[in-house]
Amino acid sequence: MFALLEETGFTRVRSAVVPGFRFRKASTQNSAEAYGVKAVMMTALKPPTG
Amino acid sequence: MSDAADIQASLEAVLKDEIVHMYQEVADNPRQEFHFYHGREAAERFGYAREWLDSAPEGAVASFAGVGNPHERSDLRPGETVLDLGSGAGLDAIIAARAVGPEGKVIGVDLNPSMCVKAQAHAAESGTPMECRKGRIEDIPVADSSVDVVISNGVINLSFRKRRVLQEMFRVLKPGGRLSITDIVSAKQLSQSIVNDPKLWAS
């Protein structure tokens, strides 16, 4: 996602993991962890002349 | 259209149906349990301010199905125009509307027209009108260079065409505009069986 944002033309791409995110069901959470699934927050800027 | 493109289009159509069905279920039956946390419990988990949740319509809070808090870094200012992609029952749009005030504007976009109706009703009930437009995040029904901020909460991961979604976000933002989004990402490539199962995408 981060690379896609930059490829699209966004600048100042910033991200941070959402600390409180997890799935409610244990089986879903286990599967998510196996794939490194997490929630992130991202901000980015469209260039002033873009 | 090639066979691969036909299959992709077919999967995408089924996925959209599953998404509409899943989030309609959250809105209609908020007391039910889902794979993900939702409602006030989820919002508190992600740091939504108690005063936001106490003052928003109960239906908007109970149906919240986000994955984080896009308001934490959105830095919304009075008078700004905000686009909420995948606005659902309207909680994030209501919070945004309070931040931008009566001189500002909030536009929601949702795949499900009945969710648009709910969101607008919740926003009106909270005294912070918003406009909701039915549409796809891959073809945002908003004019070029017309919004100051795009927010979204757990929506882009539901699209097969993420590059397209980001291009659309870029298109509708004014030069100098910004986005503040929260979403699900995976560190590993999902298996083809997962990719081909729309029910897993929407859960």
# chains A, B, ... in the order shown; residues from 1 in each chain; ligands from 1

$ interface_residues --of "chain A" --to "chain B" --cutoff "7 Å" --atoms "only C-alpha atoms" --output "VMD selection string"
chain A and resid 4 to 5 8 18 20 to 21 23 to 25 28 35 to 50

$ select_by_dssp --residues "chain A" --states "helix (DSSP H, G or I)" --output "PyMOL selection string"
chain A and resi 2-8+26-34

$ select_by_dssp --residues "chain A" --states "strand (DSSP E)" --output "PyMOL selection string"
chain A and resi 11-17+37-45

$ write_last_selection --atoms "C-alpha atoms" --output "PDB file, in the first residue's frame"
ATOM      1  CA  THR A  11       4.262  12.460  -1.053  1.00  0.00           C
ATOM      2  CA  ARG A  12       5.081  12.519   2.655  1.00  0.00           C
ATOM      3  CA  VAL A  13       3.656   9.043   3.090  1.00  0.00           C
ATOM      4  CA  ARG A  14       3.653   8.156   6.778  1.00  0.00           C
ATOM      5  CA  SER A  15       2.328   5.062   8.490  1.00  0.00           C
ATOM      6  CA  ALA A  16       1.998   3.546  11.918  1.00  0.00           C
ATOM      7  CA  VAL A  17       0.533   0.290  13.201  1.00  0.00           C
ATOM      8  CA  VAL A  37      -2.137  -9.063   8.744  1.00  0.00           C
ATOM      9  CA  LYS A  38      -2.354  -5.842  10.721  1.00  0.00           C
ATOM     10  CA  ALA A  39      -4.127  -2.523  10.679  1.00  0.00           C
ATOM     11  CA  VAL A  40      -2.142   0.578   9.866  1.00  0.00           C
ATOM     12  CA  MET A  41      -2.912   4.246   9.772  1.00  0.00           C
ATOM     13  CA  MET A  42      -1.498   6.183   6.848  1.00  0.00           C
ATOM     14  CA  THR A  43      -1.293   9.824   5.911  1.00  0.00           C
ATOM     15  CA  ALA A  44      -0.063  11.293   2.663  1.00  0.00           C
ATOM     16  CA  LEU A  45      -0.080  14.529   0.750  1.00  0.00           C
TER      17      LEU A  45
END

$ atom_distance --atom1 "CA of Gly86 (chain B)" --atom2 "CA of Ile137 (chain B)"
7.5 Å

$ atom_distance --atom1 "CA of Glu51 (chain B)" --atom2 "CA of Ala27 (chain B)"
21.7 Å

$ closest_residue --among "B:Thr81, B:Pro30, B:Pro141, B:Gln24" --to "Glu58 (chain B)" --atoms "only C-alpha atoms"
B:Pro30

$ closest_residue --among "B:Pro57, B:Pro78, B:Leu85, B:Leu91" --to "Glu125 (chain B)" --atoms "only C-alpha atoms"
B:Pro57
